[in-house]
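my_file_32.txt follows; it contains compact mmCIF, C-alpha atoms.
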# COMPACT_ATOMS: atom_id res chain seq x y z
CA MET A 4 23.49 28.61 2.81
CA THR A 5 26.25 26.00 3.27
CA LYS A 6 24.23 24.44 6.09
CA LEU A 7 21.16 24.23 3.82
CA LYS A 8 23.23 22.67 1.06
CA ALA A 9 24.65 20.13 3.52
CA SER A 10 21.15 19.25 4.74
CA ILE A 11 19.90 18.80 1.17
CA LEU A 12 22.85 16.54 0.37
CA LYS A 13 22.27 14.54 3.55
CA TYR A 14 18.47 14.24 3.43
CA TRP A 15 17.64 14.28 -0.28
CA VAL A 16 15.90 10.90 -0.15
CA PRO A 17 13.21 11.94 2.41
CA MET A 18 12.90 15.19 0.41
CA ILE A 19 12.12 13.18 -2.72
CA ALA A 20 9.48 11.30 -0.68
CA LEU A 21 7.89 14.65 0.25
CA LEU A 22 8.00 15.77 -3.40
CA ILE A 23 6.26 12.57 -4.56
CA ILE A 24 3.63 13.02 -1.82
CA SER A 25 3.03 16.63 -2.99
CA ILE A 26 2.55 15.41 -6.59
CA HIS A 27 0.11 12.79 -5.29
CA PHE A 28 -1.94 15.46 -3.49
CA ILE A 29 -2.03 17.65 -6.62
CA LEU A 30 -3.19 14.71 -8.79
CA VAL A 31 -5.87 13.73 -6.24
CA LYS A 32 -7.12 17.32 -6.14
CA THR A 33 -6.95 18.12 -9.86
CA SER A 34 -7.45 14.86 -11.77
CA HIS A 35 -9.43 12.46 -9.56
CA LEU A 36 -6.51 10.12 -8.78
CA ASN A 37 -7.61 7.60 -6.15
CA LYS A 38 -5.88 8.21 -2.81
CA TRP A 39 -4.57 4.65 -2.63
CA LYS A 40 -2.03 5.21 -5.40
CA GLY A 41 0.72 7.57 -6.47
CA GLY A 42 3.00 7.24 -3.43
CA GLY A 43 1.04 9.56 -1.13
CA PHE A 44 0.42 6.96 1.60
CA GLY A 45 -3.35 7.42 1.36
CA MET A 46 -4.08 3.68 1.45
CA TYR A 47 -7.06 2.71 3.63
CA SER A 48 -8.25 6.32 3.85
CA GLU A 49 -11.18 5.63 1.51
CA VAL A 50 -12.85 2.66 -0.19
CA HIS A 51 -10.55 1.03 -2.77
CA TYR A 52 -11.03 2.00 -6.43
CA HIS A 53 -11.67 -1.66 -7.22
CA PHE A 54 -15.20 -1.03 -5.87
CA ASN A 55 -15.83 1.92 -8.23
CA ASP A 56 -18.33 1.32 -11.05
CA LEU A 57 -17.65 2.08 -14.70
CA VAL A 58 -20.72 2.83 -16.82
CA ILE A 59 -20.72 3.14 -20.62
CA ASP A 60 -24.09 4.08 -22.18
CA ASN A 61 -25.71 2.28 -25.14
CA LEU A 62 -23.31 -0.66 -25.29
CA ASN A 63 -24.55 -3.37 -27.63
CA LYS A 64 -23.42 -6.03 -25.14
CA PRO A 65 -22.73 -6.04 -21.36
CA LEU A 66 -19.44 -4.51 -20.21
CA ASP A 67 -18.50 -7.79 -18.49
CA SER A 68 -18.60 -9.58 -21.86
CA LEU A 69 -16.47 -6.87 -23.46
CA ILE A 70 -13.89 -7.25 -20.70
CA ILE A 71 -13.58 -10.93 -21.64
CA GLU A 72 -13.55 -10.28 -25.41
CA ASP A 73 -11.53 -7.09 -25.83
CA LYS A 74 -7.98 -6.99 -24.41
CA ASN A 75 -7.74 -3.19 -24.61
CA ILE A 76 -10.89 -2.72 -22.57
CA ALA A 77 -9.95 -5.48 -20.09
CA HIS A 78 -6.55 -3.90 -19.50
CA PHE A 79 -7.85 -0.36 -19.20
CA VAL A 80 -10.93 -0.80 -16.95
CA ILE A 81 -8.91 -0.75 -13.74
CA ASN A 82 -6.88 2.28 -14.93
CA VAL A 83 -10.08 4.27 -15.45
CA LYS A 84 -11.49 3.24 -12.07
CA ARG A 85 -8.20 4.22 -10.40
CA HIS A 86 -7.68 7.49 -12.21
CA PRO A 87 -10.86 8.73 -13.94
CA ASN A 88 -9.37 11.89 -15.42
CA ALA A 89 -10.50 13.24 -18.82
CA GLY A 90 -7.59 11.58 -20.65
CA ASN A 91 -8.30 8.09 -19.31
CA LEU A 92 -12.07 8.45 -19.81
CA LYS A 93 -11.50 9.58 -23.43
CA LYS A 94 -9.18 6.66 -24.11
CA MET A 95 -11.71 4.21 -22.67
CA ALA A 96 -14.50 5.83 -24.72
CA GLU A 97 -12.38 5.36 -27.86
CA PHE A 98 -11.84 1.67 -27.06
CA ALA A 99 -15.55 1.19 -26.38
CA SER A 100 -16.88 3.30 -29.28
CA LYS A 101 -17.09 0.37 -31.71
CA TYR A 102 -19.46 -1.41 -29.32
CA VAL A 103 -21.73 1.65 -28.87
CA SER A 104 -24.76 1.99 -31.13
CA SER A 105 -25.24 5.78 -30.75
CA ASP A 106 -23.08 8.60 -32.22
CA THR A 107 -21.84 9.69 -28.83
CA VAL A 108 -20.21 7.58 -26.12
CA THR A 109 -21.01 8.63 -22.56
CA ILE A 110 -18.72 7.18 -19.95
CA GLN A 111 -19.00 7.60 -16.17
CA VAL A 112 -17.13 6.42 -13.08
CA TRP A 113 -19.04 6.14 -9.80
CA LYS A 114 -17.73 5.53 -6.29
CA PRO A 115 -19.41 3.86 -3.29
CA VAL A 116 -20.98 6.13 -0.70
CA ILE A 117 -21.63 4.56 2.68
CA GLU A 118 -23.57 6.09 5.56
CA ALA A 119 -22.88 4.08 8.68
CA LYS A 120 -25.46 6.08 10.66
CA ASN A 121 -28.29 4.96 8.34
CA SER A 122 -26.68 1.64 7.29
CA THR A 123 -26.95 2.63 3.61
CA TYR A 124 -24.85 2.00 0.54
CA SER A 125 -25.31 4.12 -2.59
CA ARG A 126 -23.12 5.57 -5.36
CA GLU A 127 -21.83 9.01 -6.32
CA LEU A 128 -20.51 10.20 -9.68
CA ILE A 129 -16.75 10.96 -9.69
CA ASN A 130 -16.36 12.05 -13.30
CA GLN A 131 -17.90 11.61 -16.75
CA TYR A 132 -16.94 12.20 -20.37
CA GLN A 133 -18.84 12.45 -23.64
CA PHE A 134 -17.02 11.29 -26.74
CA ILE A 135 -18.40 12.06 -30.21
CA LYS A 136 -17.53 9.38 -32.71
CA PRO A 137 -15.37 10.65 -35.59
CA MET B 1 27.13 -28.13 12.84
CA ASN B 2 26.89 -25.36 15.43
CA ARG B 3 24.02 -25.62 17.86
CA LEU B 4 21.78 -22.60 18.02
CA ASN B 5 22.17 -20.82 21.35
CA TRP B 6 21.21 -17.47 22.85
CA SER B 7 24.71 -15.96 22.67
CA GLN B 8 24.79 -16.75 18.96
CA ILE B 9 21.37 -15.16 18.46
CA LYS B 10 22.44 -12.17 20.56
CA GLN B 11 25.51 -11.77 18.39
CA GLN B 12 23.30 -11.70 15.29
CA LEU B 13 21.05 -9.13 16.93
CA SER B 14 23.94 -6.94 18.09
CA ASP B 15 24.79 -5.66 14.62
CA ARG B 16 21.63 -3.84 13.61
CA ASN B 17 23.04 -2.88 10.24
CA ALA B 18 23.98 -6.43 9.23
CA LEU B 19 20.63 -7.72 10.53
CA GLY B 20 18.64 -5.01 8.74
CA LEU B 21 20.52 -5.55 5.49
CA LYS B 22 20.04 -9.34 5.59
CA LEU B 23 16.31 -9.05 6.20
CA LEU B 24 15.96 -6.32 3.58
CA PHE B 25 17.85 -8.51 1.10
CA ILE B 26 15.48 -11.46 1.72
CA PHE B 27 12.48 -9.12 1.56
CA MET B 28 13.69 -7.67 -1.73
CA VAL B 29 14.11 -11.08 -3.39
CA ILE B 30 10.67 -12.28 -2.22
CA TYR B 31 9.00 -8.97 -3.13
CA ILE B 32 10.46 -8.79 -6.64
CA ILE B 33 9.53 -12.42 -7.36
CA SER B 34 6.01 -11.91 -5.95
CA THR B 35 5.13 -8.59 -7.56
CA GLY B 36 3.38 -7.99 -10.78
CA SER B 37 2.99 -10.15 -13.82
CA ASP B 38 4.30 -7.41 -16.11
CA HIS B 39 7.91 -7.70 -17.27
CA LYS B 40 8.27 -10.71 -15.02
CA LYS B 41 10.77 -12.48 -17.26
CA ILE B 42 13.34 -9.68 -17.32
CA LYS B 43 12.80 -9.09 -13.58
CA LEU B 44 13.36 -12.74 -12.74
CA PHE B 45 16.40 -12.89 -15.01
CA LEU B 46 17.94 -9.90 -13.24
CA ILE B 47 17.15 -11.19 -9.76
CA VAL B 48 18.60 -14.63 -10.51
CA ALA B 49 21.70 -12.97 -12.01
CA GLY B 50 21.98 -10.87 -8.83
CA LEU B 51 21.67 -13.92 -6.59
CA PHE B 52 24.37 -15.79 -8.51
CA LEU B 53 26.54 -12.71 -8.22
CA VAL B 54 26.16 -12.79 -4.43
CA VAL B 55 26.55 -16.52 -3.93
CA PHE B 56 29.46 -17.22 -6.28
CA LEU B 57 31.37 -14.01 -6.82
CA VAL B 58 31.13 -11.41 -4.09
CA LYS B 59 29.72 -13.70 -1.36
CA LYS B 60 28.36 -10.73 0.57
CA ILE B 61 25.23 -8.63 0.38
CA THR B 62 27.10 -5.38 0.93
CA GLN B 63 28.16 -5.32 -2.71
CA PRO B 64 26.60 -2.07 -4.07
CA LEU B 65 26.14 -3.60 -7.55
CA LEU B 66 23.55 -5.96 -6.09
CA TRP B 67 21.53 -3.05 -4.67
CA TYR B 68 21.86 -1.19 -7.97
CA ILE B 69 20.25 -4.23 -9.65
CA PHE B 70 17.40 -4.14 -7.09
CA LEU B 71 16.99 -0.39 -7.60
CA THR B 72 16.91 -0.78 -11.39
CA ILE B 73 14.15 -3.40 -11.14
CA LEU B 74 12.11 -1.33 -8.67
CA ILE B 75 12.44 1.92 -10.62
CA SER B 76 11.66 0.30 -13.99
CA ASP B 77 8.54 -1.19 -12.39
CA LEU B 78 7.61 2.26 -11.17
CA ILE B 79 8.19 3.89 -14.56
CA CYS B 80 6.08 1.24 -16.34
CA ASP B 81 3.21 1.25 -13.83
CA TYR B 82 3.52 4.35 -11.66
CA PHE B 83 -0.13 4.38 -10.58
CA VAL B 84 -0.29 0.62 -10.05
CA ARG B 85 2.53 0.35 -7.54
CA ALA B 86 1.72 0.14 -3.83
CA ASN B 87 2.88 2.82 -1.43
CA HIS B 88 5.45 0.49 0.13
CA HIS B 89 7.03 0.06 -3.33
CA PHE B 90 7.90 3.77 -3.08
CA LEU B 91 9.17 3.25 0.48
CA LEU B 92 11.30 0.31 -0.69
CA ILE B 93 12.88 2.48 -3.40
CA TYR B 94 13.68 5.21 -0.85
CA ILE B 95 15.27 2.66 1.54
CA THR B 96 17.25 1.04 -1.32
CA LEU B 97 18.61 4.47 -2.26
CA LEU B 98 19.66 4.99 1.38
CA ILE B 99 21.37 1.58 1.46
CA ILE B 100 23.32 2.38 -1.72
CA ILE B 101 24.41 5.74 -0.28
CA PHE B 102 25.47 4.00 2.94
CA LEU B 103 27.42 1.31 1.09
CA HIS B 104 29.41 4.10 -0.56
CA ASN B 105 30.00 6.44 2.40
CA SER B 106 29.66 4.06 5.44
CA LYS B 107 27.91 6.80 7.46
CA LEU B 108 25.63 4.68 9.66
CA GLU B 109 24.27 7.66 11.62
CA ASP B 110 23.08 9.29 8.38
CA LEU B 111 21.41 6.04 7.31
CA ILE B 112 19.59 5.75 10.65
CA THR B 113 18.47 9.41 10.60
CA ASN B 114 17.17 9.06 7.05
CA ILE B 115 15.28 5.83 7.83
CA LYS B 116 13.79 7.60 10.86
CA LEU B 117 12.67 10.53 8.70
CA LEU B 118 11.13 8.16 6.14
CA LEU B 119 9.15 6.34 8.83
CA VAL B 120 7.98 9.66 10.25
CA ILE B 121 6.84 10.78 6.78
CA VAL B 122 5.03 7.47 6.12
CA LEU B 123 3.20 7.45 9.46
CA LEU B 124 2.34 11.15 9.57
CA PHE B 125 1.04 11.23 6.01
CA SER B 126 -0.93 7.99 6.52
CA GLY B 127 -2.58 9.75 9.46
CA ILE B 128 -3.06 13.07 7.62
CA GLN B 129 -4.63 11.32 4.59
CA LYS B 130 -7.14 9.64 6.89
CA LEU B 131 -7.79 12.89 8.73
CA LEU B 132 -8.54 14.62 5.41
CA SER B 133 -10.97 11.89 4.32
CA PRO B 134 -14.61 12.50 5.39
CA GLN B 135 -15.35 8.85 4.58
CA PHE B 136 -12.68 7.75 7.05
CA ILE B 137 -13.29 10.10 10.00
CA SER B 138 -17.04 9.41 9.92
CA GLY B 139 -16.30 5.69 10.36
CA ASP B 140 -18.08 4.94 7.05
CA PHE B 141 -14.97 3.32 5.57
CA TYR B 142 -14.46 0.85 8.43
CA TYR B 143 -18.22 0.24 8.57
CA TYR B 144 -18.22 -0.81 4.90
CA MET B 145 -15.04 -2.89 5.11
CA ILE B 146 -16.18 -4.76 8.23
CA ASN B 147 -19.75 -5.35 7.00
CA THR B 148 -18.46 -6.77 3.71
CA GLY B 149 -15.88 -9.02 5.37
CA SER B 150 -12.81 -7.22 4.05
CA PHE B 151 -11.38 -6.61 7.54
CA PHE B 152 -10.76 -8.92 10.53
CA LYS B 153 -11.26 -11.88 8.17
CA PRO B 154 -10.03 -14.76 10.36
CA ILE B 155 -11.98 -13.49 13.39
CA LEU B 156 -15.27 -12.54 11.71
CA ASN B 157 -15.49 -15.39 9.20
CA PHE B 158 -15.23 -17.91 12.03
CA ASN B 159 -18.80 -17.10 13.12
CA GLN B 160 -21.45 -18.56 10.79
CA ASP B 161 -24.11 -15.90 11.57
CA ILE B 162 -21.64 -13.11 10.82
CA ASN B 163 -20.55 -14.91 7.68
CA ASP B 164 -24.18 -15.09 6.49
CA ILE B 165 -24.63 -11.34 7.04
CA ILE B 166 -21.43 -10.61 5.09
CA ILE B 167 -22.61 -12.78 2.18
CA SER B 168 -26.01 -11.06 2.20
CA ASN B 169 -24.45 -7.56 2.25
CA LYS B 170 -22.12 -8.43 -0.63
CA ALA B 171 -25.00 -9.90 -2.64
CA GLN B 172 -27.05 -6.71 -2.14
CA ILE B 173 -24.15 -4.54 -3.30
CA ALA B 174 -23.57 -6.81 -6.31
CA GLU B 175 -27.27 -6.55 -7.26
CA LEU B 176 -27.08 -2.76 -7.03
CA GLY B 177 -23.95 -2.89 -9.19
CA ILE B 178 -25.95 -4.29 -12.09
CA LEU B 179 -28.37 -1.34 -12.02
CA ASN B 180 -27.56 1.98 -13.70
CA PRO B 181 -26.15 4.26 -10.97
CA ASN B 182 -27.94 7.27 -12.50
CA ALA B 183 -31.14 5.87 -10.95
CA LEU B 184 -29.52 6.66 -7.57
CA ASN B 185 -30.66 3.48 -5.84
CA THR B 186 -29.70 2.74 -2.26
CA VAL B 187 -29.39 -0.54 -0.39
CA LYS B 188 -29.57 -1.12 3.34
CA LEU B 189 -26.66 -3.01 4.91
CA GLN B 190 -26.96 -5.31 7.89
CA ASN B 191 -24.51 -4.93 10.77
CA VAL B 192 -22.25 -7.90 11.57
CA ILE B 193 -22.18 -6.73 15.19
CA PRO B 194 -24.48 -4.29 17.05
CA ASN B 195 -23.53 -0.57 17.13
CA LEU B 196 -20.99 -1.03 14.34
CA ASP B 197 -21.45 2.62 13.26
CA ILE B 198 -20.19 3.86 16.64
CA ILE B 199 -17.45 1.22 16.87
CA SER B 200 -16.25 2.13 13.35
CA ARG B 201 -16.04 5.83 14.18
CA VAL B 202 -14.12 5.19 17.43
CA TYR B 203 -11.76 2.76 15.63
CA ALA B 204 -11.19 5.33 12.86
CA TRP B 205 -10.14 8.04 15.29
CA PHE B 206 -8.04 5.53 17.27
CA SER B 207 -6.21 4.54 14.05
CA ILE B 208 -5.47 8.18 13.21
CA ALA B 209 -4.24 8.86 16.77
CA MET B 210 -1.99 5.78 16.72
CA GLU B 211 -0.38 6.73 13.40
CA LEU B 212 0.16 10.38 14.31
CA ILE B 213 1.41 9.71 17.87
CA THR B 214 3.77 6.91 16.74
CA GLY B 215 5.08 9.10 13.90
CA LEU B 216 5.75 12.00 16.27
CA LEU B 217 7.36 9.72 18.86
CA ILE B 218 9.71 8.24 16.23
CA LEU B 219 10.69 11.81 15.32
CA TRP B 220 11.10 12.94 18.93
CA LYS B 221 12.33 9.79 20.75
CA PRO B 222 13.40 7.31 18.07
CA LYS B 223 15.30 4.99 20.43
CA HIS B 224 12.90 5.02 23.38
CA LEU B 225 11.40 1.68 24.42
CA PHE B 226 7.86 3.13 24.59
CA THR B 227 8.16 4.41 21.00
CA HIS B 228 9.01 0.91 19.77
CA ILE B 229 6.30 -0.76 21.87
CA LEU B 230 3.77 1.60 20.27
CA PHE B 231 5.24 1.01 16.80
CA ILE B 232 5.04 -2.79 17.30
CA LEU B 233 1.41 -2.43 18.50
CA LEU B 234 0.65 -0.38 15.38
CA ILE B 235 2.17 -3.09 13.15
CA LEU B 236 0.20 -5.79 15.03
CA GLY B 237 -2.95 -3.65 14.72
CA ILE B 238 -2.53 -3.59 10.93
CA PHE B 239 -1.81 -7.34 11.00
CA PHE B 240 -5.10 -8.17 12.74
CA THR B 241 -7.08 -5.75 10.57
CA ARG B 242 -5.72 -6.72 7.18
CA LEU B 243 -2.74 -8.85 6.10
CA GLU B 244 -0.67 -6.15 4.43
CA ASN B 245 2.43 -8.32 4.82
CA GLY B 246 4.79 -6.42 2.50
CA PHE B 247 4.12 -3.06 4.11
CA MET B 248 4.34 -4.47 7.65
CA ALA B 249 7.59 -6.33 6.92
CA LEU B 250 9.16 -3.16 5.61
CA LEU B 251 8.06 -1.21 8.71
CA ALA B 252 9.49 -3.93 10.99
CA ILE B 253 12.82 -4.05 9.10
CA SER B 254 13.08 -0.25 9.33
CA GLY B 255 12.44 -0.46 13.08
CA ILE B 256 15.56 -2.65 13.51
CA TRP B 257 17.82 0.27 12.54
CA LEU B 258 16.24 2.60 15.09
CA THR B 259 16.39 0.60 18.31
CA ASN B 260 19.30 -0.30 20.61
CA ASN B 261 17.21 -2.86 22.49
CA TYR B 262 18.03 -6.52 21.66
CA MET B 263 14.60 -7.80 22.65
CA ILE B 264 12.85 -5.24 20.42
CA ARG B 265 15.17 -6.14 17.53
CA ALA B 266 14.31 -9.82 18.12
CA ILE B 267 10.57 -8.95 17.96
CA TYR B 268 11.03 -6.99 14.71
CA THR B 269 13.00 -9.93 13.28
CA ILE B 270 10.33 -12.49 14.25
CA LEU B 271 7.59 -10.23 12.84
CA THR B 272 9.53 -9.85 9.57
CA ILE B 273 9.96 -13.64 9.29
CA VAL B 274 6.20 -14.15 9.90
CA PHE B 275 5.21 -11.51 7.32
CA LEU B 276 7.67 -12.86 4.72
CA SER B 277 6.37 -16.39 5.28
CA LEU B 278 2.82 -15.13 4.71
CA ILE B 279 3.89 -13.44 1.44
CA VAL B 280 5.51 -16.64 0.18
CA THR B 281 2.47 -18.73 1.12
CA HIS B 282 0.12 -16.21 -0.57
CA ILE B 283 -1.78 -15.54 2.64
CA GLY B 284 -2.64 -11.85 2.52
CA PHE B 285 -0.90 -9.27 0.36
CA TYR B 286 2.69 -8.70 -0.74

Please rewrite the model in this file as structure tokens.
Amino acid sequence: MTKLKASILKYWVPMIALLIISIHFILVKTSHLNKWKGGGFGMYSEVHYHFNDLVIDNLNKPLDSLIIEDKNIAHFVINVKRHPNAGNLKKMAEFASKYVSSDTVTIQVWKPVIEAKNSTYSRELINQYQFIKP
Amino acid sequence: MNRLNWSQIKQQLSDRNALGLKLLFIFMVIYIISTGSDHKKIKLFLIVAGLFLVVFLVKKITQPLLWYIFLTILISDLICDYFVRANHHFLLIYITLLIIIFLHNSKLEDLITNIKLLLVIVLLFSGIQKLLSPQFISGDFYYYMINTGSFFKPILNFNQDINDIIISNKAQIAELGILNPNALNTVKLQNVIPNLDIISRVYAWFSIAMELITGLLILWKPKHLFTHILFILLILGIFFTRLENGFMALLAISGIWLTNNYMIRAIYTILTIVFLSLIVTHIGFY
């Protein structure tokens, strides 16, 4: 027991690193966190989240224009691409709702899918959320 | 003025702790100034205050207060933007914590063992993450990055034909990006070199093997010359693939604490200087 205590006191910094890595793995598994972030050393293990696509249905103007016009949306786009969990998707849907003509806001995040064998590039849905306007 | 000679350089290289601390100090200043636009004013104020503290008051970088200032800046950055920070930001925090502990207890062996364990963790988990990624082990990740010009930039962009293919592939992907993904469209990419699918798969498995073997060797034989040759080759491999200067500099600085070999320490020092110069000149990433 004393030996264990001594080891913990001596090596608590690498232990914290392992704890942070464990949290990263849990977030990747349970809430779609991109592997590049969260201190899990998963950089370069998959295509960067920058290349993910964010789709919001029934916008009354293109998303690119909204990113220029609306600071909230501009700031939050990359957060949603990086971590498309329900909370972030809902927040983005709330920001975008005033630009959506329908009563519901459907928001999706897609990631690139590459097949080297067939030289193809396509996209796959990571997560989506439907927000009903209040 | 003293002329620079080998014995002077050797003297600098002989104290791994002083050398590592000096390089880490320079890295820290450059990294904090280079990173993030958020909270830049308070960060710059603190770093300038810290530098004045070193130059005029304590005149040495072994003053713990200085490293507490660095740690405060790094941790507040992490708290504000946890999911934005790069993986080497986490590594830098861990190393700063170790330096602070060392400056209080002066146990160099503990510092070296902890840096070794951190490097092992970084390399093994980098390898494991790749091993767990179907996109990586299939070679699809490298295939995409190479065909869109994100890797081997200086080498590939030099050839006009390859450059044209990269531009065409990027244009195709951009066109697809405008379409609604629910239509499930697919585009066909052109290869910048023949048999890129096979080359990508082989390179993927080679990368995993390099990270895992180097990690295990650092754990098993941290001072051995072969371990450090492999570690340097790994750093150079990353350098030629993608200019991740900040991460590579931090790996090289960590390597200084592990080796007893002067020549290897000199190589780590030169690599660190190159990577730091690239950060300052905005070539590659910080």

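Of the residues listed (B:Ile165, B:Val48, B:Val55, B:Leu179), B:Leu179 shows the shortest atom-to-atom separation from chain A; distances use all atoms listed in the file.
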
Inset, instruction - Excluding Glu49 in chain A and any residue of its chain fewer than 4 positions from it, enumerate the residues within 10 Å of it, using only C-alpha atoms, and give them as a list in words. - result: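 Residues near the query, excluding close chain neighbours: Asn37, Lys38, Trp39, Gly45 and Pro115 of chain A; Gln129, Lys130, Ser133, Pro134, Gln135, Phe136, Ile137, Asp140, Phe141 and Tyr142 of chain B.
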
Go ahead and save the residues from that selection, with C-alpha atoms, as a tab-separated table (two decimals), in the coordinates of the input.
chain	number	residue	atom	x	y	z
A	37	ASN	CA	-7.61	7.60	-6.15
A	38	LYS	CA	-5.88	8.21	-2.81
A	39	TRP	CA	-4.57	4.65	-2.63
A	45	GLY	CA	-3.35	7.42	1.36
A	115	PRO	CA	-19.41	3.86	-3.29
B	129	GLN	CA	-4.63	11.32	4.59
B	130	LYS	CA	-7.14	9.64	6.89
B	133	SER	CA	-10.97	11.89	4.32
B	134	PRO	CA	-14.61	12.50	5.39
B	135	GLN	CA	-15.35	8.85	4.58
B	136	PHE	CA	-12.68	7.75	7.05
B	137	ILE	CA	-13.29	10.10	10.00
B	140	ASP	CA	-18.08	4.94	7.05
B	141	PHE	CA	-14.97	3.32	5.57
B	142	TYR	CA	-14.46	0.85	8.43

Inset, instruction - May I have the residues of chain A within 8 Å of chain B, counting only C-alpha atoms, written as a ChimeraX atom specification? - result: /A:13-14,16-17,20-21,39-50,56,58,113,117-127

Legend entry - Distance in Å - CA of Thr269 in chain B versus CA of Ile253 in chain B: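 Separation of CA of Thr269 in chain B and CA of Ile253 in chain B: 7.2 Å.
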
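Computed from the coordinates, the CA of Asn17 in chain B to CA of Trp257 in chain B distance equals 6.5 Å.
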
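One distance worth recording is that between CA of Leu276 in chain B and CA of Met248 in chain B, which is 9.5 Å.
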
Legend entry - Nearest-residue call for Ile110 in chain A, choices A:Ile59, A:Ile11, A:Ile29, A:Ile81, using all atoms listed in the file: A:Ile59

Inset, instruction - Can you pull out every residue within 12 Å of Val80 in chain A, counting all atoms listed in the file, but drop anything in the same chain fewer than 3 positions away, and send it as a VMD selection string? - result: chain A and resid 52 to 59 66 to 67 69 to 71 73 to 77 83 to 87 91 to 92 94 to 96 98 to 99 110 to 112

Output file for the selection above: C-alpha atoms, as a tab-separated table (two decimals), in the coordinates of the input:
chain	number	residue	atom	x	y	z
A	52	TYR	CA	-11.03	2.00	-6.43
A	53	HIS	CA	-11.67	-1.66	-7.22
A	54	PHE	CA	-15.20	-1.03	-5.87
A	55	ASN	CA	-15.83	1.92	-8.23
A	56	ASP	CA	-18.33	1.32	-11.05
A	57	LEU	CA	-17.65	2.08	-14.70
A	58	VAL	CA	-20.72	2.83	-16.82
A	59	ILE	CA	-20.72	3.14	-20.62
A	66	LEU	CA	-19.44	-4.51	-20.21
A	67	ASP	CA	-18.50	-7.79	-18.49
A	69	LEU	CA	-16.47	-6.87	-23.46
A	70	ILE	CA	-13.89	-7.25	-20.70
A	71	ILE	CA	-13.58	-10.93	-21.64
A	73	ASP	CA	-11.53	-7.09	-25.83
A	74	LYS	CA	-7.98	-6.99	-24.41
A	75	ASN	CA	-7.74	-3.19	-24.61
A	76	ILE	CA	-10.89	-2.72	-22.57
A	77	ALA	CA	-9.95	-5.48	-20.09
A	83	VAL	CA	-10.08	4.27	-15.45
A	84	LYS	CA	-11.49	3.24	-12.07
A	85	ARG	CA	-8.20	4.22	-10.40
A	86	HIS	CA	-7.68	7.49	-12.21
A	87	PRO	CA	-10.86	8.73	-13.94
A	91	ASN	CA	-8.30	8.09	-19.31
A	92	LEU	CA	-12.07	8.45	-19.81
A	94	LYS	CA	-9.18	6.66	-24.11
A	95	MET	CA	-11.71	4.21	-22.67
A	96	ALA	CA	-14.50	5.83	-24.72
A	98	PHE	CA	-11.84	1.67	-27.06
A	99	ALA	CA	-15.55	1.19	-26.38
A	110	ILE	CA	-18.72	7.18	-19.95
A	111	GLN	CA	-19.00	7.60	-16.17
A	112	VAL	CA	-17.13	6.42	-13.08

Legend entry - Nearby residues (all atoms listed in the file) at most 9 Å from Lys64 in chain A, same-chain spacing under 4 positions excluded, as a PyMOL selection string: chain A and resi 68-69+102-103
